[in-house]
Each structure stands twice: as structure tokens, then as C-alpha cells.
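Asks: One structure, as C-alpha cells, below. Some questions next.
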Amino acid sequence: MTILYAALTLGLLGLIFGAILTFASKKFHVDVDERIEKVKECTGGANCGACGYAGCEAFAQAVVKGEAKATGCGPAGAEGARKIGEIMGLNVEVEERRVARVLCAGTHGLAKNSYKYDGYRSCVVASDIAGGPKDCRFSCIGLGDCMDHCAFDAITMKDGIAHIDENLCTACGACVDACPRSVIKLLRVSQNVIVRCRNEETARAARESCMRACIACGRCKRECKYDAIIIENGYARIDHEKCTRCGDCAKVCPCNCITVE
């Protein structure tokens with residue numbers, strides 16, 4: 001009889017707790033907008049935070065609430081933005097695709113080292129030790145912080161600098177934030193004429209630090225027929241609004257620091 005009473009008691013308690021849980025689930029039920037999951041499926045799925053939100057779920061919720069733009073997810077690309085627009089019933093104007101590009105050409109053998117670094121593999125750590133192992137304080141340190149932060153395997157380290165596979169790059173900006181030297185910039189795909197140097201030292205000092213350094217000689221500026229090149233702070237800059245991407249500047253650069261992608 002004792003066992004029977006115990007079984008009945010447990011069964012009764014189970015019914016009571018089950019009823020309480022059922023009531024609570026109905027009482028406190030919160031309807032979830034099904035569009036949130038649909039928008040989330042259109043994102044890159046990397047939870048990179050480039051959109052300004054904690055992750056893809058938070059971004060999707062913000063889009064549905066009208067707090068974020070359908071184009072806010074870089075990894076989603078143009079197609080993802082269009083799909084999000086369709087879900088939200090919006091006419092989405094997709095901007096030109098952007099990619100991350102490295103503004104440094106100081107590979108091994110071209111960039112001079114101040115000392116041999118044999119510490120923890122981190123650009124941030126190395127940059128705090130006498131300014132980093134490379135003589136040029138504007139150079140890519142080359143220890144891979146950007147690569148470690150890239151969720152899309154778009155970055156590899158080769159010859160002492162970062163190389164970005166633009167086919168894999170989603171312009172999430174994680175590499176830009178990770179670089180202590182601000183060597184990586186997000187540019188539109190059409191902005192493909194690039195000065196891969198930002199050395200602000202004198203021409204002599206820059207050349208001593210790296211054989212690919214811009215020496216502000218002005219040949220590129222004189223060659224450009226479209227007034228698209230500015231010499232400022234010791235190095236050349238491209239005005240992409242004026243640039244026609246003819247590549248003439250790259251052909252006359254004596255240091256080969258201007259490239260056309």
C-alpha cells in the first residue's frame with residue numbers, strides 16, 4: 001500500500017506541475033515574428049558584429065523592428081540584401097561591393113627589420129615592443145592578427161605581410177579593427193588603383209625602411225591626365241572619384257608601390 005500511495009502522490013504532483021507549466025506557457029507566451037528567422041538565414045551567419053549588433057540574430061531582430069537597414073549585413077552581400085528586402089517588403093538599393101585591401105607592400109627582403117622578433121605571435125603585442133620589428137612604423141607587421149579575426153578564411157600571411165582573397169572577403173571589417181597599424185582599409189571593388197604605402201617620413205628615410213616605399217617623387221601625379229593623384233604627408237593618394245583606372249600611374253612609379261587590381 002505504501003508503494004501505491006507513493007505512486008499516486010507522484011502522479012498527482014506530476015499532473016499539478018504539468019497544469020502549472022501549461023498555464024504559464026500560455027500566460028507568458030511571446031509571439032516571435034517568423035520574419036526574424038528568415039532574415040537571419042540571409043545573413044553571413046558568422047556573428048562577426050560588423051553590422052553593429054551582437055550577432056546575426058540581433059541584427060535580424062533589428063531589421064524586423066525597423067532599426068537596421070536591409071543592407072546592414074556586409075557578409076550577406078548584394079543577393080542577401082535583396083532577399084532581406086523581399087522579406088521586409090522593401091525596395092533595396094544595393095551599394096557597390098566592398099573588399100578589404102592591404103595598403104603595404106613591405107614583404108621580406110624589401111622591408112627592413114629593426115630587430116628579430118621571437119615573441120608571442122601578435123601584431124598588437126609586437127607593436128608595443130620598440131614600435132614593432134619592422135623599421136617602417138606604417139608597415140604591416142605581418143604576425144596575423146587580421147587573419148585570426150577573419151571568420152571567412154580570406155586572409156593568409158605570406159612573405160611577411162597579409163594577403164586578402166577578395167573572392168572570399170565579405171567586407172565585415174573584422175580585419176580592419178584587428179590591425180594595430182590601420183594598414184587594412186575597406187574599399188569599393190572599383191577602387192582598384194592602390195598606393196600600397198602610407199609612409200609619412202622623408203623620401204630618404206622611407207626608402208631606407210622599405211624598397212617599395214612611396215618617396216613622393218610626383219611622377220605618378222605628373223603622368224595622370226585626370227588630376228586624380230594628390231601628394232600629401234609624404235606619399236601619393238588616389239582620388240577615386242576622378243580616377244579612370246587607366247593604370248598609367250602604376251607604370252611610371254619607380255618604387256612599384258602603386259598597383260592595379
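Ordered as shown in the C-alpha cells, chains take letters A, B, and onward, while each chain numbers its residues from 1 and ligands are numbered from 1 in the order shown.
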Tell me, which residues of range 44-242 of chain A carry DSSP helix (DSSP H, G or I), written as number ranges by chain?
Replies: A: 56-65, 74-88, 123-127, 145-149, 174-178, 203-209, 219-223
Asks: Would you mind listing, for every residue of range 32-131 of chain A within 6 Å of range 158-181 of chain A, the two atoms forming the shortest contact and the distance between them in Å to one decimal, using only C-alpha atoms, sorted by chain and ascending residue number, as JSON lines?
Replies:
```
{"residue": "A:Ala50", "atom": "CA", "partner": "A:Cys172", "partner_atom": "CA", "distance": 5.1}
{"residue": "A:Gly74", "atom": "CA", "partner": "A:Cys172", "partner_atom": "CA", "distance": 5.5}
{"residue": "A:Pro75", "atom": "CA", "partner": "A:Thr170", "partner_atom": "CA", "distance": 4.5}
{"residue": "A:Arg98", "atom": "CA", "partner": "A:Ala171", "partner_atom": "CA", "distance": 5.8}
{"residue": "A:Val99", "atom": "CA", "partner": "A:Ala171", "partner_atom": "CA", "distance": 4.9}
{"residue": "A:Ala100", "atom": "CA", "partner": "A:Ala171", "partner_atom": "CA", "distance": 5.9}
{"residue": "A:Thr107", "atom": "CA", "partner": "A:Asp159", "partner_atom": "CA", "distance": 5.1}
{"residue": "A:His108", "atom": "CA", "partner": "A:Asp159", "partner_atom": "CA", "distance": 5.2}
{"residue": "A:Val124", "atom": "CA", "partner": "A:Pro180", "partner_atom": "CA", "distance": 5.8}
```
Asks: Give the answer as one residue: which of A:Arg97, A:Lys112, A:Lys225, A:Arg137 has the shortest atom-to-atom distance to Gly77 in chain A, using only C-alpha atoms?
Replies: A:Arg97
Asks: Applying 8 Å and only C-alpha atoms, which residues near Ala60 in chain A remain after dropping the ones on its own chain fewer than 3 positions away? List them as a PDB file with N, CA and C atoms, in the first residue's frame.
Replies:
```
ATOM      1  N   ILE A  36      12.011  37.099 -38.504  1.00  0.00           N
ATOM      2  CA  ILE A  36      13.335  37.178 -37.870  1.00  0.00           C
ATOM      3  C   ILE A  36      14.212  36.020 -38.326  1.00  0.00           C
ATOM      4  N   GLU A  37      13.670  34.816 -38.296  1.00  0.00           N
ATOM      5  CA  GLU A  37      14.433  33.640 -38.702  1.00  0.00           C
ATOM      6  C   GLU A  37      14.747  33.689 -40.197  1.00  0.00           C
ATOM      7  N   VAL A  39      15.130  36.410 -42.043  1.00  0.00           N
ATOM      8  CA  VAL A  39      16.191  37.407 -42.251  1.00  0.00           C
ATOM      9  C   VAL A  39      17.538  36.844 -41.810  1.00  0.00           C
ATOM     10  N   LYS A  40      17.539  36.159 -40.697  1.00  0.00           N
ATOM     11  CA  LYS A  40      18.777  35.562 -40.173  1.00  0.00           C
ATOM     12  C   LYS A  40      19.391  34.596 -41.177  1.00  0.00           C
ATOM     13  N   CYS A  56      24.095  37.764 -35.658  1.00  0.00           N
ATOM     14  CA  CYS A  56      23.110  37.692 -36.748  1.00  0.00           C
ATOM     15  C   CYS A  56      21.674  37.715 -36.226  1.00  0.00           C
ATOM     16  N   GLU A  57      21.443  37.072 -35.088  1.00  0.00           N
ATOM     17  CA  GLU A  57      20.098  37.050 -34.504  1.00  0.00           C
ATOM     18  C   GLU A  57      19.671  38.465 -34.108  1.00  0.00           C
ATOM     19  N   VAL A  63      16.332  44.458 -37.895  1.00  0.00           N
ATOM     20  CA  VAL A  63      15.768  44.689 -39.230  1.00  0.00           C
ATOM     21  C   VAL A  63      14.247  44.613 -39.182  1.00  0.00           C
ATOM     22  N   VAL A  64      13.740  43.589 -38.513  1.00  0.00           N
ATOM     23  CA  VAL A  64      12.289  43.399 -38.419  1.00  0.00           C
ATOM     24  C   VAL A  64      11.633  44.547 -37.650  1.00  0.00           C
TER      25      VAL A  64
END
```
Asks: Using only C-alpha atoms, can you tell me which of A:Gly106, A:Cys243, A:Ile238, A:Arg121 comes closest to Asn199 in chain A?
Replies: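 The answer is A:Gly106, which sits nearest to Asn199 in chain A.
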